[in-house]
$ cat input_17.cif   # mmCIF, C-alpha atoms
data_upload
loop_
_atom_site.group_PDB
_atom_site.id
_atom_site.type_symbol
_atom_site.label_atom_id
_atom_site.label_comp_id
_atom_site.auth_asym_id
_atom_site.auth_seq_id
_atom_site.Cartn_x
_atom_site.Cartn_y
_atom_site.Cartn_z
ATOM 1 C CA MET A 1 46.800 -11.455 -23.654
ATOM 2 C CA PRO A 2 48.078 -10.062 -20.318
ATOM 3 C CA SER A 3 50.295 -12.245 -18.169
ATOM 4 C CA THR A 4 49.255 -13.735 -14.866
ATOM 5 C CA GLU A 5 51.859 -11.624 -13.034
ATOM 6 C CA LEU A 6 50.368 -8.433 -14.484
ATOM 7 C CA ILE A 7 46.840 -9.473 -13.485
ATOM 8 C CA ASN A 8 48.024 -10.333 -9.970
ATOM 9 C CA GLY A 9 49.634 -6.930 -9.653
ATOM 10 C CA LEU A 10 46.487 -5.182 -10.869
ATOM 11 C CA ILE A 11 44.346 -7.226 -8.464
ATOM 12 C CA SER A 12 46.600 -6.242 -5.570
ATOM 13 C CA LEU A 13 46.472 -2.559 -6.544
ATOM 14 C CA VAL A 14 42.698 -2.516 -7.102
ATOM 15 C CA LEU A 15 42.084 -4.397 -3.863
ATOM 16 C CA THR A 16 44.127 -1.769 -2.032
ATOM 17 C CA LEU A 17 42.098 1.018 -3.630
ATOM 18 C CA LEU A 18 38.874 -0.835 -2.763
ATOM 19 C CA VAL A 19 39.823 -1.071 0.901
ATOM 20 C CA LEU A 20 40.795 2.594 0.988
ATOM 21 C CA SER A 21 37.531 3.506 -0.768
ATOM 22 C CA LEU A 22 35.545 1.576 1.836
ATOM 23 C CA LEU A 23 37.375 3.521 4.535
ATOM 24 C CA VAL A 24 36.494 6.804 2.817
ATOM 25 C CA GLN A 25 32.897 5.639 2.474
ATOM 26 C CA ALA A 26 32.694 4.839 6.187
ATOM 27 C CA LEU A 27 34.052 8.285 7.073
ATOM 28 C CA GLN A 28 31.586 9.840 4.659
ATOM 29 C CA GLU A 29 28.672 8.093 6.393
ATOM 30 C CA LEU A 30 29.888 9.477 9.727
ATOM 31 C CA VAL A 31 30.012 12.983 8.261
ATOM 32 C CA LYS A 32 26.479 12.609 6.862
ATOM 33 C CA ALA A 33 25.197 11.378 10.225
ATOM 34 C CA PHE A 34 26.823 14.022 12.435
ATOM 35 C CA LEU A 35 26.490 17.027 10.115
ATOM 36 C CA HIS A 36 23.023 16.083 8.779
ATOM 37 C CA VAL A 37 24.155 16.930 5.266
ATOM 38 C CA LYS A 38 21.172 15.483 3.407
ATOM 39 C CA ALA A 39 18.560 16.829 5.816
ATOM 40 C CA ARG A 40 20.185 20.278 5.769
ATOM 41 C CA HIS A 41 20.029 20.496 1.992
ATOM 42 C CA LEU A 42 16.472 19.185 1.971
ATOM 43 C CA GLU A 43 15.379 21.746 4.544
ATOM 44 C CA ASN A 44 17.001 24.554 2.547
ATOM 45 C CA ALA A 45 15.289 23.339 -0.645
ATOM 46 C CA LEU A 46 11.883 23.206 1.045
ATOM 47 C CA ARG A 47 12.403 26.620 2.636
ATOM 48 C CA ALA A 48 13.265 28.112 -0.749
ATOM 49 C CA LEU A 49 10.267 26.383 -2.349
ATOM 50 C CA LEU A 50 7.742 27.556 0.240
ATOM 51 C CA THR A 51 9.146 31.092 0.334
ATOM 52 C CA LYS A 52 9.086 31.375 -3.461
ATOM 53 C CA ALA A 53 5.533 30.002 -3.487
ATOM 54 C CA GLY A 54 4.429 32.952 -1.354
ATOM 55 C CA LEU A 55 4.322 31.632 2.211
ATOM 56 C CA ARG A 56 5.464 34.096 4.857
ATOM 57 C CA ALA A 57 8.789 33.449 6.575
ATOM 58 C CA CYS A 58 7.211 32.677 9.957
ATOM 59 C CA ALA A 59 4.732 30.322 8.298
ATOM 60 C CA VAL A 60 7.589 28.564 6.490
ATOM 61 C CA THR A 61 9.401 28.002 9.787
ATOM 62 C CA ASP A 62 6.217 26.703 11.432
ATOM 63 C CA LEU A 63 5.525 24.335 8.541
ATOM 64 C CA LEU A 64 9.071 22.962 8.605
ATOM 65 C CA THR A 65 8.642 22.396 12.344
ATOM 66 C CA GLN A 66 5.429 20.479 11.619
ATOM 67 C CA ILE A 67 7.326 18.324 9.139
ATOM 68 C CA ALA A 68 9.971 17.638 11.780
ATOM 69 C CA VAL A 69 7.221 16.681 14.238
ATOM 70 C CA GLY A 70 5.954 14.307 11.559
ATOM 71 C CA PHE A 71 9.228 12.419 11.919
ATOM 72 C CA GLY A 72 8.626 11.967 15.624
ATOM 73 C CA ARG A 73 10.435 14.857 17.322
ATOM 74 C CA THR A 74 9.953 18.577 17.855
ATOM 75 C CA HIS A 75 13.397 19.739 16.798
ATOM 76 C CA ALA A 76 14.606 21.130 13.507
ATOM 77 C CA LEU A 77 13.977 19.153 10.366
ATOM 78 C CA ARG A 78 17.681 18.858 9.570
ATOM 79 C CA THR A 79 18.339 16.933 12.786
ATOM 80 C CA GLN A 80 15.356 14.592 12.549
ATOM 81 C CA ILE A 81 14.819 13.505 8.962
ATOM 82 C CA PRO A 82 16.367 10.084 8.333
ATOM 83 C CA ALA A 83 19.444 10.163 6.120
ATOM 84 C CA ALA A 84 17.868 7.948 3.468
ATOM 85 C CA LYS A 85 14.464 9.644 3.591
ATOM 86 C CA THR A 86 13.127 12.036 0.998
ATOM 87 C CA ILE A 87 9.882 13.953 1.009
ATOM 88 C CA SER A 88 7.252 13.479 -1.672
ATOM 89 C CA LYS A 89 4.994 16.119 -3.161
ATOM 90 C CA LYS A 90 2.009 14.379 -1.565
ATOM 91 C CA GLU A 91 3.546 14.664 1.909
ATOM 92 C CA ILE A 92 4.305 18.368 1.476
ATOM 93 C CA LEU A 93 0.767 19.093 0.241
ATOM 94 C CA LEU A 94 -0.738 17.146 3.152
ATOM 95 C CA TRP A 95 1.262 19.208 5.655
ATOM 96 C CA LEU A 96 0.412 22.408 3.806
ATOM 97 C CA ASP A 97 -3.295 21.582 3.516
ATOM 98 C CA ALA A 98 -3.568 21.193 7.285
ATOM 99 C CA ARG A 99 -2.204 24.695 7.836
ATOM 100 C CA PRO A 100 -4.655 27.596 8.459
ATOM 101 C CA ILE A 101 -4.516 30.447 5.980
ATOM 102 C CA GLY A 102 -5.051 33.128 8.633
ATOM 103 C CA ALA A 103 -8.256 34.545 7.136
ATOM 104 C CA SER A 104 -11.780 34.854 8.533
ATOM 105 C CA ILE A 105 -15.120 34.279 6.819
ATOM 106 C CA ILE A 106 -16.833 36.994 8.854
ATOM 107 C CA GLY A 107 -16.885 39.300 5.839
ATOM 108 C CA LEU A 108 -18.667 36.660 3.769
ATOM 109 C CA LYS A 109 -21.625 36.232 6.107
ATOM 110 C CA PRO A 110 -23.640 39.298 5.011
ATOM 111 C CA LEU A 111 -23.124 38.380 1.353
ATOM 112 C CA ILE A 112 -24.209 34.770 1.959
ATOM 113 C CA GLN A 113 -27.286 35.960 3.853
ATOM 114 C CA ALA A 114 -28.206 38.356 1.040
ATOM 115 C CA VAL A 115 -28.095 35.549 -1.520
ATOM 116 C CA GLU A 116 -30.043 33.155 0.717
ATOM 117 C CA LYS A 117 -32.684 35.805 1.266
ATOM 118 C CA ARG A 118 -33.255 35.960 -2.508
ATOM 119 C CA LEU A 119 -33.450 32.177 -2.716
ATOM 120 C CA ASN A 120 -35.903 31.815 0.168
ATOM 121 C CA GLN A 121 -38.692 33.808 -1.471
ATOM 122 C CA ALA A 122 -41.622 31.893 -2.882
ATOM 123 C CA VAL A 123 -41.805 31.804 -6.676
ATOM 124 C CA THR A 124 -44.933 30.498 -8.388
ATOM 125 C CA GLY A 125 -46.327 30.337 -11.862
ATOM 126 C CA SER A 126 -44.340 29.867 -15.051
ATOM 127 C CA ALA A 127 -41.133 31.172 -13.411
ATOM 128 C CA ALA A 128 -41.099 28.426 -10.752
ATOM 129 C CA PRO A 129 -39.267 25.667 -12.752
ATOM 130 C CA THR A 130 -36.544 28.058 -13.899
ATOM 131 C CA PHE A 131 -36.144 29.484 -10.405
ATOM 132 C CA ALA A 132 -35.932 25.957 -8.962
ATOM 133 C CA LEU A 133 -33.028 25.242 -11.325
ATOM 134 C CA ILE A 134 -31.292 28.477 -10.294
ATOM 135 C CA GLU A 135 -31.869 27.745 -6.603
ATOM 136 C CA SER A 136 -30.479 24.217 -6.875
ATOM 137 C CA THR A 137 -27.325 25.444 -8.653
ATOM 138 C CA ILE A 138 -26.674 28.269 -6.200
ATOM 139 C CA ARG A 139 -27.322 26.144 -3.109
ATOM 140 C CA ASP A 140 -24.824 23.582 -4.373
ATOM 141 C CA PHE A 141 -22.305 26.421 -4.563
ATOM 142 C CA LEU A 142 -23.205 27.712 -1.087
ATOM 143 C CA ALA A 143 -22.722 24.208 0.300
ATOM 144 C CA THR A 144 -19.043 24.387 -0.682
ATOM 145 C CA LEU A 145 -18.579 27.547 1.425
ATOM 146 C CA PRO A 146 -17.967 27.462 5.194
ATOM 147 C CA ASN A 147 -21.240 28.133 7.001
ATOM 148 C CA ARG A 148 -19.784 29.068 10.371
ATOM 149 C CA ASP A 149 -16.765 30.730 11.922
ATOM 150 C CA GLU A 150 -14.320 27.928 11.216
ATOM 151 C CA GLU A 151 -10.576 28.185 10.724
ATOM 152 C CA LEU A 152 -9.905 28.095 7.010
ATOM 153 C CA THR A 153 -7.084 25.803 5.944
ATOM 154 C CA PHE A 154 -5.263 25.425 2.641
ATOM 155 C CA GLU A 155 -7.222 22.224 2.015
ATOM 156 C CA ARG A 156 -10.556 24.026 2.606
ATOM 157 C CA THR A 157 -9.692 26.656 0.015
ATOM 158 C CA ALA A 158 -7.827 24.475 -2.484
ATOM 159 C CA ALA A 159 -10.607 24.102 -5.062
ATOM 160 C CA GLU A 160 -11.770 26.956 -7.264
ATOM 161 C CA PRO A 161 -15.534 27.463 -6.657
ATOM 162 C CA LYS A 162 -17.576 26.085 -9.528
ATOM 163 C CA LEU A 163 -20.385 28.394 -10.458
ATOM 164 C CA ASN A 164 -21.457 29.346 -13.988
ATOM 165 C CA LEU A 165 -22.554 32.941 -13.546
ATOM 166 C CA ASP A 166 -23.262 33.395 -17.240
ATOM 167 C CA ARG A 167 -25.740 30.503 -17.181
ATOM 168 C CA ILE A 168 -27.437 31.900 -14.069
ATOM 169 C CA ARG A 169 -27.734 35.347 -15.654
ATOM 170 C CA GLU A 170 -29.298 33.752 -18.717
ATOM 171 C CA LEU A 171 -31.860 31.931 -16.572
ATOM 172 C CA LEU A 172 -32.577 35.114 -14.619
ATOM 173 C CA ARG A 173 -33.275 36.944 -17.880
ATOM 174 C CA ASP A 174 -35.803 34.219 -18.724
ATOM 175 C CA ILE A 175 -37.517 34.812 -15.376
ATOM 176 C CA GLN A 176 -37.543 38.545 -15.946
ATOM 177 C CA ALA A 177 -39.285 37.980 -19.272
ATOM 178 C CA VAL A 178 -42.366 36.337 -17.728
ATOM 179 C CA THR A 179 -45.435 38.224 -16.612
ATOM 180 C CA ASN A 180 -45.155 39.520 -13.058
ATOM 181 C CA PRO A 181 -41.599 38.279 -12.329
ATOM 182 C CA PRO A 182 -40.622 37.680 -8.691
ATOM 183 C CA PRO A 183 -39.305 40.843 -7.022
ATOM 184 C CA GLY A 184 -35.557 41.261 -6.554
ATOM 185 C CA MET A 185 -34.515 38.747 -9.190
ATOM 186 C CA GLN A 186 -32.513 41.403 -10.973
ATOM 187 C CA ASP A 187 -30.390 41.816 -7.826
ATOM 188 C CA LEU A 188 -29.682 38.108 -7.315
ATOM 189 C CA ALA A 189 -26.948 38.038 -9.972
ATOM 190 C CA THR A 190 -25.332 41.128 -8.438
ATOM 191 C CA ASP A 191 -25.357 39.675 -4.912
ATOM 192 C CA LEU A 192 -24.024 36.377 -6.207
ATOM 193 C CA THR A 193 -21.195 38.098 -8.101
ATOM 194 C CA LYS A 194 -20.187 40.016 -4.981
ATOM 195 C CA LEU A 195 -20.147 36.788 -2.939
ATOM 196 C CA LEU A 196 -18.105 34.891 -5.525
ATOM 197 C CA ASN A 197 -15.573 37.705 -5.887
ATOM 198 C CA ALA A 198 -15.237 38.022 -2.091
ATOM 199 C CA TRP A 199 -14.608 34.296 -1.742
ATOM 200 C CA ARG A 200 -12.018 34.330 -4.514
ATOM 201 C CA GLU A 201 -10.282 37.334 -2.975
ATOM 202 C CA LEU A 202 -10.242 35.643 0.441
ATOM 203 C CA THR A 203 -8.946 32.292 -0.766
ATOM 204 C CA GLY A 204 -6.998 33.269 -3.891
ATOM 205 C CA PRO A 205 -3.599 33.776 -2.169
ATOM 206 C CA SER A 206 -3.686 30.380 -0.438
ATOM 207 C CA ARG A 207 -4.831 28.709 -3.647
ATOM 208 C CA ARG A 208 -1.954 30.275 -5.573
ATOM 209 C CA ILE A 209 0.567 29.241 -2.879
ATOM 210 C CA ARG A 210 -0.651 25.658 -3.013
ATOM 211 C CA GLN A 211 -0.566 25.616 -6.802
ATOM 212 C CA ASN A 212 2.959 27.070 -6.815
ATOM 213 C CA VAL A 213 4.176 24.397 -4.400
ATOM 214 C CA GLU A 214 2.625 21.705 -6.584
ATOM 215 C CA ASN A 215 4.101 23.151 -9.795
ATOM 216 C CA TRP A 216 7.608 23.892 -8.498
ATOM 217 C CA PHE A 217 8.134 20.850 -6.261
ATOM 218 C CA GLU A 218 10.044 18.799 -8.853
ATOM 219 C CA THR A 219 12.316 21.754 -9.626
ATOM 220 C CA ALA A 220 13.076 22.253 -5.926
ATOM 221 C CA ILE A 221 13.849 18.566 -5.404
ATOM 222 C CA LEU A 222 16.072 18.530 -8.489
ATOM 223 C CA ALA A 223 18.028 21.489 -7.091
ATOM 224 C CA PHE A 224 18.253 19.682 -3.735
ATOM 225 C CA ASP A 225 19.656 16.555 -5.403
ATOM 226 C CA GLU A 226 22.242 18.551 -7.333
ATOM 227 C CA ARG A 227 23.444 20.522 -4.309
ATOM 228 C CA TYR A 228 23.515 17.454 -2.078
ATOM 229 C CA GLU A 229 25.461 15.379 -4.596
ATOM 230 C CA ALA A 230 27.894 18.252 -5.223
ATOM 231 C CA GLU A 231 28.638 18.590 -1.497
ATOM 232 C CA MET A 232 29.080 14.842 -1.098
ATOM 233 C CA ARG A 233 31.535 14.827 -4.015
ATOM 234 C CA ARG A 234 33.531 17.535 -2.245
ATOM 235 C CA TRP A 235 33.488 15.520 0.979
ATOM 236 C CA THR A 236 34.593 12.414 -0.928
ATOM 237 C CA LEU A 237 37.565 14.250 -2.398
ATOM 238 C CA GLY A 238 38.480 15.821 0.931
ATOM 239 C CA LEU A 239 38.211 12.600 2.896
ATOM 240 C CA GLY A 240 40.057 10.718 0.169
ATOM 241 C CA PHE A 241 42.933 13.166 0.400
ATOM 242 C CA VAL A 242 42.987 12.892 4.211
ATOM 243 C CA VAL A 243 43.092 9.078 4.029
ATOM 244 C CA ALA A 244 45.809 9.169 1.381
ATOM 245 C CA VAL A 245 47.956 11.550 3.451
ATOM 246 C CA LEU A 246 47.462 9.763 6.773
ATOM 247 C CA LEU A 247 48.321 6.375 5.266
ATOM 248 C CA ASN A 248 51.020 7.836 3.033
ATOM 249 C CA ALA A 249 49.134 6.117 0.213
ATOM 250 C CA SER A 250 50.836 7.688 -2.793
ATOM 251 C CA PHE A 251 49.648 5.985 -5.963
ATOM 252 C CA PHE A 252 53.211 5.384 -7.115
ATOM 253 C CA LYS A 253 54.107 3.653 -3.859
ATOM 254 C CA LEU A 254 50.916 1.583 -3.941
ATOM 255 C CA ALA A 255 51.601 0.514 -7.513
ATOM 256 C CA LYS A 256 55.225 -0.344 -6.736
ATOM 257 C CA THR A 257 54.204 -2.425 -3.737
ATOM 258 C CA ALA A 258 51.463 -4.189 -5.689
ATOM 259 C CA PHE A 259 53.640 -5.141 -8.683
ATOM 260 C CA ASP A 260 56.755 -5.927 -6.662
ATOM 261 C CA ALA A 261 55.111 -8.141 -4.040
ATOM 262 C CA SER A 262 51.821 -8.996 -5.804
ATOM 263 C CA GLU A 263 50.035 -8.845 -2.474
ATOM 264 C CA LEU A 264 48.023 -6.314 -0.487
ATOM 265 C CA ARG A 265 50.293 -4.287 1.789
ATOM 266 C CA PHE A 266 49.727 -0.724 2.961
ATOM 267 C CA THR A 267 52.691 1.588 3.047
ATOM 268 C CA ASN A 268 53.905 1.956 6.614
ATOM 269 C CA LEU A 269 53.595 5.339 8.237
ATOM 270 C CA GLN A 270 56.932 6.953 7.891
ATOM 271 C CA ALA A 271 58.611 10.292 7.420
ATOM 272 C CA ARG A 272 56.941 11.964 4.493
ATOM 273 C CA ASP A 273 58.693 13.991 1.889
ATOM 274 C CA LEU A 274 57.167 16.900 0.081
ATOM 275 C CA SER A 275 58.564 16.048 -3.315
ATOM 276 C CA LEU A 276 56.521 16.752 -6.395
ATOM 277 C CA GLY A 277 56.242 13.013 -7.079
ATOM 278 C CA THR A 278 54.780 12.285 -3.650
ATOM 279 C CA ILE A 279 52.270 15.133 -3.894
ATOM 280 C CA CYS A 280 51.228 14.036 -7.389
ATOM 281 C CA GLY A 281 50.891 10.447 -6.143
ATOM 282 C CA LEU A 282 48.647 11.523 -3.264
ATOM 283 C CA LEU A 283 46.486 13.586 -5.612
ATOM 284 C CA ILE A 284 46.162 10.649 -8.022
ATOM 285 C CA THR A 285 45.145 8.377 -5.134
ATOM 286 C CA THR A 286 42.574 10.969 -4.055
ATOM 287 C CA LEU A 287 41.034 11.088 -7.535
ATOM 288 C CA LEU A 288 40.964 7.295 -7.758
ATOM 289 C CA LEU A 289 39.295 6.963 -4.377
ATOM 290 C CA SER A 290 36.619 9.455 -5.462
ATOM 291 C CA ALA A 291 35.400 6.841 -7.963
ATOM 292 C CA GLY A 292 33.871 5.011 -4.996
ATOM 293 C CA ALA A 293 33.963 1.488 -3.591
ATOM 294 C CA PRO A 294 31.333 0.075 -6.027
ATOM 295 C CA PHE A 295 33.517 1.069 -8.989
ATOM 296 C CA TRP A 296 36.603 -0.682 -7.610
ATOM 297 C CA ARG A 297 34.550 -3.713 -6.602
ATOM 298 C CA ASP A 298 33.366 -4.080 -10.211
ATOM 299 C CA ILE A 299 36.925 -3.657 -11.509
ATOM 300 C CA LEU A 300 38.182 -6.286 -9.052
ATOM 301 C CA GLN A 301 35.490 -8.723 -10.145
ATOM 302 C CA SER A 302 36.432 -8.188 -13.795
ATOM 303 C CA LEU A 303 40.128 -8.834 -13.028
ATOM 304 C CA PHE A 304 39.297 -12.074 -11.242
ATOM 305 C CA GLU A 305 37.300 -13.163 -14.285
ATOM 306 C CA VAL A 306 40.259 -12.366 -16.561
ATOM 307 C CA LYS A 307 42.566 -14.297 -14.240
ATOM 308 C CA SER A 308 40.193 -17.254 -14.288
ATOM 309 C CA ARG A 309 40.125 -17.273 -18.089
ATOM 310 C CA LEU A 310 43.950 -17.118 -18.201
ATOM 311 C CA ARG A 311 44.163 -20.104 -15.876
ATOM 312 C CA GLU A 312 41.703 -22.043 -18.044
ATOM 313 C CA GLN A 313 43.685 -21.224 -21.188
ATOM 314 C CA LYS A 314 46.952 -22.368 -19.559
ATOM 315 C CA GLU A 315 45.346 -25.613 -18.430
ATOM 316 C CA LEU A 316 43.916 -26.177 -21.909
ATOM 317 C CA ALA A 317 47.321 -25.459 -23.505
ATOM 318 C CA GLY A 318 49.005 -27.873 -21.058
ATOM 319 C CA ASN A 319 46.521 -30.593 -21.890
ATOM 320 C CA LEU A 320 47.069 -30.110 -25.621
ATOM 321 C CA MET A 321 50.860 -30.280 -25.222
ATOM 322 C CA GLY A 322 50.532 -33.403 -23.091
ATOM 323 C CA ARG A 323 48.838 -35.184 -25.926
#
$ encode --input "input_17.cif" --output "structure tokens"
Amino acid sequence: MPSTELINGLISLVLTLLVLSLLVQALQELVKAFLHVKARHLENALRALLTKAGLRACAVTDLLTQIAVGFGRTHALRTQIPAAKTISKKEILLWLDARPIGASIIGLKPLIQAVEKRLNQAVTGSAAPTFALIESTIRDFLATLPNRDEELTFERTAAEPKLNLDRIRELLRDIQAVTNPPPGMQDLATDLTKLLNAWRELTGPSRRIRQNVENWFETAILAFDERYEAEMRRWTLGLGFVVAVLLNASFFKLAKTAFDASELRFTNLQARDLSLGTICGLLITTLLLSAGAPFWRDILQSLFEVKSRLREQKELAGNLMGR
């Protein structure tokens, strides 16, 4: 069982390291606030994600500006995103969906009109029920297409058009088999195929970009977390070394002070030597400070618990001897 003097010395040393760690943590928060470390890494991760997904460079910049505006300002994302804020996949898709894809539906109009012309003809007799089923299916598909010169957005083109061409061709063959089939039915499938292919060609790139963003978002955020944490570890080590040097907080001196006096006392600023022992002591202090204030707070709490148990055992032993 450790002695009370040893525990007191350890408490003094750990308390010193805790205070120094809190100082490093405060400096680290200042660095994060002034250099926008987290926002910078997040912006870089989003830029890489959107570029890899297929968005043009100018569109990526515009979208990142929109995201910055979403945080209340019109400046760069890295200077506006709150330090503790992250961006979810849902938020990115909402911003992306609102963006126009830069394509026009003018080329679709003649194809839509050709299909509607086939559907508007009167069909009677035994072919009427089958044609009514075909017309209902196709008009449901046409209702999903833009019917005017509107600006297409990623949200407008996100869904793959649902139309079973094979089923329509099968129904058209049934109509062709009846006596005196309606004229032009054999061309309806061709016109419909042209329209569907044109729509897919127009909206396919934006649909793929959106799908890529959705699929790769977690990977991009994971890379952001890793790069951000790696930079903050480097800052922690650097700031820890600066604090250790400025306060001449060599580990060996801190330990000697703690176990000699059993009280918290920083080493006074004084002429520094460049001996190997001093340099090693500063490096050890730097590594210890990189563990962070929460670590040293937990260690300090554990030491106080050990000290409390030692005191209880001494009191119990004294009571037993008194009997």
$ closest_residue --input "input_17.cif" --among "A:Thr65, A:Thr190, A:Asn164, A:Thr203" --to "Leu111 in chain A" --atoms "all atoms listed in the file"
A:Thr190
$ resolve_selection --input "input_17.cif" --expression "the PyMOL selection byres ((chain A and resi 284) around 12)" --output "CSV table (one decimal) with C-alpha atoms, in the coordinates of the input"
chain,number,residue,atom,x,y,z
A,17,LEU,CA,42.1,1.0,-3.6
A,237,LEU,CA,37.6,14.2,-2.4
A,240,GLY,CA,40.1,10.7,0.2
A,241,PHE,CA,42.9,13.2,0.4
A,244,ALA,CA,45.8,9.2,1.4
A,245,VAL,CA,48.0,11.6,3.5
A,249,ALA,CA,49.1,6.1,0.2
A,250,SER,CA,50.8,7.7,-2.8
A,251,PHE,CA,49.6,6.0,-6.0
A,252,PHE,CA,53.2,5.4,-7.1
A,253,LYS,CA,54.1,3.7,-3.9
A,254,LEU,CA,50.9,1.6,-3.9
A,255,ALA,CA,51.6,0.5,-7.5
A,277,GLY,CA,56.2,13.0,-7.1
A,278,THR,CA,54.8,12.3,-3.6
A,279,ILE,CA,52.3,15.1,-3.9
A,280,CYS,CA,51.2,14.0,-7.4
A,281,GLY,CA,50.9,10.4,-6.1
A,282,LEU,CA,48.6,11.5,-3.3
A,283,LEU,CA,46.5,13.6,-5.6
A,285,THR,CA,45.1,8.4,-5.1
A,286,THR,CA,42.6,11.0,-4.1
A,287,LEU,CA,41.0,11.1,-7.5
A,288,LEU,CA,41.0,7.3,-7.8
A,289,LEU,CA,39.3,7.0,-4.4
A,290,SER,CA,36.6,9.5,-5.5
A,291,ALA,CA,35.4,6.8,-8.0
$ residues_near_point --input "input_17.cif" --point "(-37.5, 26.9, -5.6)" --cutoff "6 Å" --atoms "only C-alpha atoms" --output "MDAnalysis selection string"
chainID A and resid 131:132 135
$ write_last_selection --input "input_17.cif" --atoms "C-alpha atoms" --output "PDB file, in the frame of the given file"
ATOM      1  CA  PHE A 131     -36.144  29.484 -10.405  1.00  0.00           C
ATOM      2  CA  ALA A 132     -35.932  25.957  -8.962  1.00  0.00           C
ATOM      3  CA  GLU A 135     -31.869  27.745  -6.603  1.00  0.00           C
TER       4      GLU A 135
END
$ resolve_selection --input "input_17.cif" --expression "the PyMOL selection byres ((chain A and resi 304) around 12)" --output "tab-separated table (two decimals) with C-alpha atoms, in the frame of the given file"
chain	number	residue	atom	x	y	z
A	4	THR	CA	49.26	-13.74	-14.87
A	7	ILE	CA	46.84	-9.47	-13.48
A	8	ASN	CA	48.02	-10.33	-9.97
A	9	GLY	CA	49.63	-6.93	-9.65
A	10	LEU	CA	46.49	-5.18	-10.87
A	11	ILE	CA	44.35	-7.23	-8.46
A	12	SER	CA	46.60	-6.24	-5.57
A	14	VAL	CA	42.70	-2.52	-7.10
A	15	LEU	CA	42.08	-4.40	-3.86
A	297	ARG	CA	34.55	-3.71	-6.60
A	298	ASP	CA	33.37	-4.08	-10.21
A	299	ILE	CA	36.92	-3.66	-11.51
A	300	LEU	CA	38.18	-6.29	-9.05
A	301	GLN	CA	35.49	-8.72	-10.14
A	302	SER	CA	36.43	-8.19	-13.80
A	303	LEU	CA	40.13	-8.83	-13.03
A	305	GLU	CA	37.30	-13.16	-14.28
A	306	VAL	CA	40.26	-12.37	-16.56
A	307	LYS	CA	42.57	-14.30	-14.24
A	308	SER	CA	40.19	-17.25	-14.29
A	309	ARG	CA	40.12	-17.27	-18.09
A	310	LEU	CA	43.95	-17.12	-18.20
A	311	ARG	CA	44.16	-20.10	-15.88
$ residues_around --input "input_17.cif" --residues "Lys89 in chain A" --least-positions-apart "5" --cutoff "9 Å" --atoms "all atoms listed in the file" --output "list of chain:residue names"
A:Leu94, A:Val213, A:Glu214, A:Phe217, A:Glu218
$ residues_around --input "input_17.cif" --residues "Leu239 in chain A" --least-positions-apart "6" --cutoff "9 Å" --atoms "all atoms listed in the file" --output "NGL selection string"
:A and (24-25 or 27-28 or 286)
$ residues_near_point --input "input_17.cif" --point "(4.7, 28.7, -4.3)" --cutoff "6 Å" --atoms "all atoms listed in the file" --output "NGL selection string"
:A and (50 or 52-54 or 209 or 212-213)
$ atom_distance --input "input_17.cif" --atom1 "CA of Ile106 in chain A" --atom2 "CA of Val60 in chain A"
25.9 Å
$ resolve_selection --input "input_17.cif" --expression "the PyMOL selection byres ((chain A and resi 165) around 12)" --output "list in words"
Ile134, Thr137, Ile138, Phe141, Pro161, Lys162, Leu163, Asn164, Asp166, Arg167, Ile168, Arg169, Glu170, Leu171, Leu172, Leu188, Ala189, Thr190, Asp191, Leu192, Thr193, Lys194, Leu195, Leu196 and Asn197 of chain A
$ closest_residue --input "input_17.cif" --among "A:Leu93, A:Thr157, A:Val115, A:Lys38" --to "Gln186 in chain A" --atoms "only C-alpha atoms"
A:Val115
$ closest_residue --input "input_17.cif" --among "A:Leu18, A:Ile101, A:Glu29, A:Arg173" --to "Asp187 in chain A" --atoms "only C-alpha atoms"
A:Arg173
$ closest_residue --input "input_17.cif" --among "A:Gly238, A:Pro100, A:Pro110, A:Pro294" --to "Arg156 in chain A" --atoms "only C-alpha atoms"
A:Pro100
$ atom_distance --input "input_17.cif" --atom1 "CA of Asn44 in chain A" --atom2 "CA of Asp225 in chain A"
11.6 Å
$ atom_distance --input "input_17.cif" --atom1 "CA of Met185 in chain A" --atom2 "CA of Pro146 in chain A"
24.7 Å
$ closest_residue --input "input_17.cif" --among "A:Glu315, A:Glu229, A:Asp97, A:Asp140" --to "Arg207 in chain A" --atoms "only C-alpha atoms"
A:Asp97
$ closest_residue --input "input_17.cif" --among "A:Thr61, A:Gln121, A:Ser104, A:Gln176" --to "Ala198 in chain A" --atoms "all atoms listed in the file"
A:Ser104
